[in-house]
Amino acid sequence: MKTQMTKRMFSTACAAVILSVLTGCATTADNPKDPYEGFNRAMFTVNEGIDVVVKPVAQGYDAAAPLPVKAGVGNFFGNIYDVWTAFNNFLQGKGGQGLSDVGRVLVNTTIGIGGVFDVASEMGLEKHTEDFGQTLGKWGVDDGPYFYWPLIGPRTTRDTFGWMVDSYADPVWRIDDVPLRNTLATVRFVDLRASLLPTDKIVDQAAFDKYNYIRDAYLQNRRSEINDGKAPIQGRDDTECKQSRCY
Amino acid sequence: MKKLFFSLLRGVFLLLSVSAFAQVDSPDALIKKMTDEVLIIVRHDKDIQNGNSKKAIELVETKVLPNFNFQHMTALAMGRDWNKATPEQKKRLTEEFKTLLVRTYSNALTGYKDQTVRFKPTKMQNGDTDVDVKTEILQPGSKPIQLDYSMEKLADGWKVYDVVVAGVSLVSNYRNTFNQEVRANGVEGLIQMIDAKNKQLEAGKK
């Protein structure tokens, strides 16, 4: 049900984008990466509205669940996702990492009792996270304009497409038992929201304009992820302040 | 011949040990020391854990602040606009930006629980004056978060000039916002903007 809802909202959003482009109402942007800022800011407001309901639920879960439960929930969904990470690592030609991820899934599903315990990390098999947007990036697909979608939040055009492929491949949505599927999807969503609670607080404090701060952080983070943490920090070279020479 | 060899060897050892003494703390040792000290205090201080920001700010000011080069951080956040500021404005900008960063960082500390820090080996060669010290924040149930400190060697030792979390530079993330403000209201406008934000945080509105 939720996926349908998401999909419907998604297509509505797409229609809205096309509309806003046609009417030219979103041409006030300062950032070349963000040509649809008007639309994006509207969707940002929508999400802040949705979050008024979601955040207290996540806070309740965070406060009520003891640490081992929260860790178990995170590990369980992490283990399911590791399959997709492995697949994307192979697609990106990172066979070694892919094999390590396959090993993680085998170890955690068996010794880790269905993925609840992340035994593999203790064994030194490091956790990676790869999605299809990163794979496309690795293949040289340009990221395109930035969007802020309802529910799923910030995505570049390429990563929006990547997200659709990720969702299509998502095993949770393929479970036939509808109540089980919806329960799992809801728990995963709440767990994800809860994991973002500490970041929330920092962003609220640090940001002059929350929308700008999140956009710029998202774009930096994606660039780093696609290059597996080896991307140069943007804007560091054009400052004339290398090695304190300018002050 | 043999004697000469040994005296040479002794000379080399002497030189090595002297240079070891003269050397300042290596950048990764500095970060490890700083992190360990802060973590020990945070883990034992119930006030900080419960969100006492005054105590957290005190901790950051004594343990963290001396290892940071805020002037470089401010310059990095402003980019080309930094050179539009007069020396007096640069001073005020640095003060305001420092206050903001200390507040944000202290606040992050009060939310701290259950995490541990892993230090990764630092790639560094003799004579390097600019290195990245890499650490990881481990928390049960999720992927480790990369936390890197970019450091430069100054006359009084190694100083941090950027903090990078999951590939996001907490300093250059301000670049767009700052540039936009300077374009609209000049350097003076930017100083006022940061000052207003600091006052708002001080008042505890957010």
# chains A, B, ... in the order shown; residues from 1 in each chain; ligands from 1
$ interface_residues --of "chain B" --to "chain A" --cutoff "7 Å" --atoms "only C-alpha atoms" --output "VMD selection string"
chain B and resid 72 75 to 76 79 to 80 104 107 to 108 111 140 to 143 152 166 to 169 172 to 173 206
$ residues_around --residues "B:Gln125" --least-positions-apart "6" --cutoff "12 Å" --atoms "only C-alpha atoms" --output "list in words"
Ser26, Pro27, Val131 and Asp132 of chain B
$ residues_around --residues "B:Asp25" --least-positions-apart "6" --cutoff "10 Å" --atoms "only C-alpha atoms" --output "ChimeraX atom specification"
/B:31,33,157-158
$ write_last_selection --atoms "N, CA and C atoms" --output "compact mmCIF listing (two decimals), in the first residue's frame"
# COMPACT_ATOMS: atom_id res chain seq x y z
N ILE B 31 44.88 14.02 17.61
CA ILE B 31 43.44 13.76 17.50
C ILE B 31 43.02 12.66 18.48
N LYS B 33 44.48 11.84 21.30
CA LYS B 33 44.52 12.38 22.65
C LYS B 33 43.26 13.23 22.92
N GLY B 157 52.54 23.86 16.03
CA GLY B 157 52.05 22.49 16.00
C GLY B 157 50.95 22.28 14.98
N TRP B 158 50.40 21.06 14.98
CA TRP B 158 49.35 20.71 14.02
C TRP B 158 48.01 21.26 14.45
$ residues_around --residues "B:Lys32" --least-positions-apart "3" --cutoff "10 Å" --atoms "only C-alpha atoms" --output "list of chain:residue names"
B:Pro27, B:Asp28, B:Ala29, B:Thr35, B:Asp36, B:Glu37, B:Val38, B:Val117, B:Arg118, B:Phe119, B:Val133, B:Thr135
$ write_last_selection --atoms "C-alpha atoms" --output "mmCIF file, in the first residue's frame"
data_model
loop_
_atom_site.group_PDB
_atom_site.id
_atom_site.type_symbol
_atom_site.label_atom_id
_atom_site.label_comp_id
_atom_site.auth_asym_id
_atom_site.auth_seq_id
_atom_site.Cartn_x
_atom_site.Cartn_y
_atom_site.Cartn_z
ATOM 1 C CA PRO B 27 48.592 14.880 13.934
ATOM 2 C CA ASP B 28 47.001 11.486 14.568
ATOM 3 C CA ALA B 29 48.367 11.332 18.110
ATOM 4 C CA THR B 35 39.107 12.395 21.359
ATOM 5 C CA ASP B 36 40.048 10.174 24.285
ATOM 6 C CA GLU B 37 40.038 13.069 26.732
ATOM 7 C CA VAL B 38 36.678 14.347 25.526
ATOM 8 C CA VAL B 117 35.623 5.795 17.902
ATOM 9 C CA ARG B 118 38.067 3.819 15.801
ATOM 10 C CA PHE B 119 41.288 5.457 14.662
ATOM 11 C CA VAL B 133 43.501 12.070 10.083
ATOM 12 C CA THR B 135 38.529 8.101 12.246
#
$ residues_around --residues "A:Ser100" --least-positions-apart "2" --cutoff "9 Å" --atoms "only C-alpha atoms" --output "PyMOL selection string"
chain A and resi 86+95-98+102-105+125-127
$ select_by_dssp --residues "stretch 49-145 of chain A" --states "helix (DSSP H, G or I)" --output "VMD selection string"
chain A and resid 49 to 64 67 to 91 95 to 110 119 to 122 132 to 138
$ residues_around --residues "A:Val165" --least-positions-apart "2" --cutoff "12 Å" --atoms "only C-alpha atoms" --output "CSV table (one decimal) with C-alpha atoms, in the first residue's frame"
chain,number,residue,atom,x,y,z
A,84,TRP,CA,21.8,-5.4,-3.0
A,88,ASN,CA,26.0,-3.2,-7.0
A,131,ASP,CA,22.9,1.7,-4.3
A,132,PHE,CA,22.1,1.8,-8.0
A,133,GLY,CA,22.5,5.6,-8.2
A,134,GLN,CA,26.1,5.1,-7.1
A,135,THR,CA,26.5,2.4,-9.8
A,136,LEU,CA,25.2,4.7,-12.4
A,158,ARG,CA,20.2,10.2,-11.5
A,159,ASP,CA,19.7,9.1,-8.0
A,160,THR,CA,16.0,9.4,-8.3
A,161,PHE,CA,16.1,6.9,-11.1
A,162,GLY,CA,18.6,4.8,-9.0
A,163,TRP,CA,16.1,4.9,-6.1
A,167,SER,CA,12.9,0.0,-4.6
A,168,TYR,CA,12.0,-2.4,-7.5
A,169,ALA,CA,14.7,-4.7,-6.3
A,170,ASP,CA,13.8,-4.3,-2.6
A,171,PRO,CA,12.9,-7.8,-1.2
$ atom_distance --atom1 "atom CA of B:Asp156" --atom2 "atom CA of B:Thr122"
20.6 Å
$ residues_around --residues "stretch 90-96 of chain B" --least-positions-apart "4" --cutoff "12 Å" --atoms "only C-alpha atoms" --output "PyMOL selection string"
(chain A and resi 246-247) or (chain B and resi 68-78+81-86+100-103+178+187-199)
$ write_last_selection --atoms "N, CA and C atoms" --output "short mmCIF file (atom, residue, chain, number, x, y, z; two decimals), in the first residue's frame"
data_model
loop_
_atom_site.label_atom_id
_atom_site.label_comp_id
_atom_site.auth_asym_id
_atom_site.auth_seq_id
_atom_site.Cartn_x
_atom_site.Cartn_y
_atom_site.Cartn_z
N CYS A 246 47.07 33.30 3.19
CA CYS A 246 46.28 34.51 2.94
C CYS A 246 45.93 35.27 4.21
N TYR A 247 46.40 34.85 5.35
CA TYR A 247 46.11 35.63 6.54
C TYR A 247 47.31 35.71 7.45
N PHE B 68 42.35 23.80 16.95
CA PHE B 68 41.72 24.21 15.70
C PHE B 68 42.26 25.56 15.24
N ASN B 69 42.35 25.70 13.92
CA ASN B 69 42.73 26.98 13.33
C ASN B 69 41.48 27.63 12.74
N PHE B 70 40.80 28.44 13.55
CA PHE B 70 39.51 28.97 13.15
C PHE B 70 39.60 29.99 12.02
N GLN B 71 40.73 30.66 11.95
CA GLN B 71 40.88 31.64 10.88
C GLN B 71 40.88 30.95 9.52
N HIS B 72 41.61 29.86 9.45
CA HIS B 72 41.64 29.09 8.21
C HIS B 72 40.26 28.52 7.91
N MET B 73 39.56 28.06 8.95
CA MET B 73 38.22 27.51 8.77
C MET B 73 37.27 28.55 8.20
N THR B 74 37.34 29.77 8.75
CA THR B 74 36.47 30.84 8.27
C THR B 74 36.80 31.18 6.82
N ALA B 75 38.09 31.24 6.52
CA ALA B 75 38.51 31.53 5.15
C ALA B 75 37.98 30.46 4.19
N LEU B 76 38.04 29.21 4.63
CA LEU B 76 37.58 28.09 3.82
C LEU B 76 36.07 28.15 3.60
N ALA B 77 35.35 28.57 4.64
CA ALA B 77 33.90 28.66 4.53
C ALA B 77 33.49 29.77 3.57
N MET B 78 34.31 30.84 3.50
CA MET B 78 33.95 31.99 2.67
C MET B 78 34.49 31.90 1.25
N ASP B 81 35.39 35.16 -1.13
CA ASP B 81 34.88 36.34 -0.41
C ASP B 81 35.76 36.74 0.77
N TRP B 82 36.57 35.79 1.24
CA TRP B 82 37.44 36.06 2.40
C TRP B 82 38.33 37.28 2.14
N ASN B 83 38.82 37.38 0.93
CA ASN B 83 39.73 38.49 0.63
C ASN B 83 39.03 39.82 0.39
N LYS B 84 37.70 39.79 0.41
CA LYS B 84 36.96 41.05 0.33
C LYS B 84 36.87 41.71 1.69
N ALA B 85 37.17 40.95 2.74
CA ALA B 85 37.02 41.47 4.10
C ALA B 85 38.28 42.23 4.52
N THR B 86 38.10 43.30 5.31
CA THR B 86 39.24 44.02 5.87
C THR B 86 39.82 43.19 7.01
N LEU B 100 29.88 29.88 16.56
CA LEU B 100 28.88 29.01 15.95
C LEU B 100 29.35 27.56 15.93
N LEU B 101 30.59 27.35 15.49
CA LEU B 101 31.11 25.98 15.40
C LEU B 101 31.21 25.32 16.78
N VAL B 102 31.67 26.09 17.76
CA VAL B 102 31.80 25.53 19.11
C VAL B 102 30.43 25.10 19.63
N ARG B 103 29.42 25.93 19.38
CA ARG B 103 28.06 25.60 19.83
C ARG B 103 27.55 24.33 19.16
N PHE B 178 27.11 31.47 2.64
CA PHE B 178 27.93 32.65 2.93
C PHE B 178 28.11 33.51 1.67
N VAL B 187 30.08 41.90 3.20
CA VAL B 187 30.76 41.20 4.30
C VAL B 187 30.10 41.56 5.63
N GLU B 188 29.74 42.85 5.77
CA GLU B 188 29.10 43.32 7.01
C GLU B 188 27.80 42.54 7.25
N GLY B 189 27.05 42.31 6.17
CA GLY B 189 25.80 41.55 6.26
C GLY B 189 26.05 40.14 6.77
N LEU B 190 27.14 39.53 6.28
CA LEU B 190 27.47 38.17 6.71
C LEU B 190 27.80 38.13 8.20
N ILE B 191 28.60 39.13 8.64
CA ILE B 191 28.95 39.17 10.06
C ILE B 191 27.68 39.26 10.90
N GLN B 192 26.77 40.13 10.47
CA GLN B 192 25.52 40.30 11.21
C GLN B 192 24.68 39.03 11.20
N MET B 193 24.71 38.31 10.06
CA MET B 193 23.91 37.09 9.95
C MET B 193 24.41 36.04 10.95
N ILE B 194 25.74 35.86 11.02
CA ILE B 194 26.27 34.85 11.95
C ILE B 194 26.04 35.29 13.39
N ASP B 195 26.21 36.60 13.63
CA ASP B 195 26.00 37.13 14.97
C ASP B 195 24.55 36.90 15.43
N ALA B 196 23.61 37.15 14.51
CA ALA B 196 22.19 36.96 14.85
C ALA B 196 21.92 35.49 15.18
N LYS B 197 22.52 34.60 14.40
CA LYS B 197 22.34 33.17 14.63
C LYS B 197 22.89 32.78 16.01
N ASN B 198 24.07 33.29 16.33
CA ASN B 198 24.68 32.99 17.62
C ASN B 198 23.82 33.48 18.78
N LYS B 199 23.27 34.68 18.61
CA LYS B 199 22.43 35.24 19.67
C LYS B 199 21.18 34.39 19.86
#
$ select_by_dssp --residues "stretch 106-179 of chain A" --states "strand (DSSP E)" --output "ChimeraX atom specification"
/A:146-149,153-156
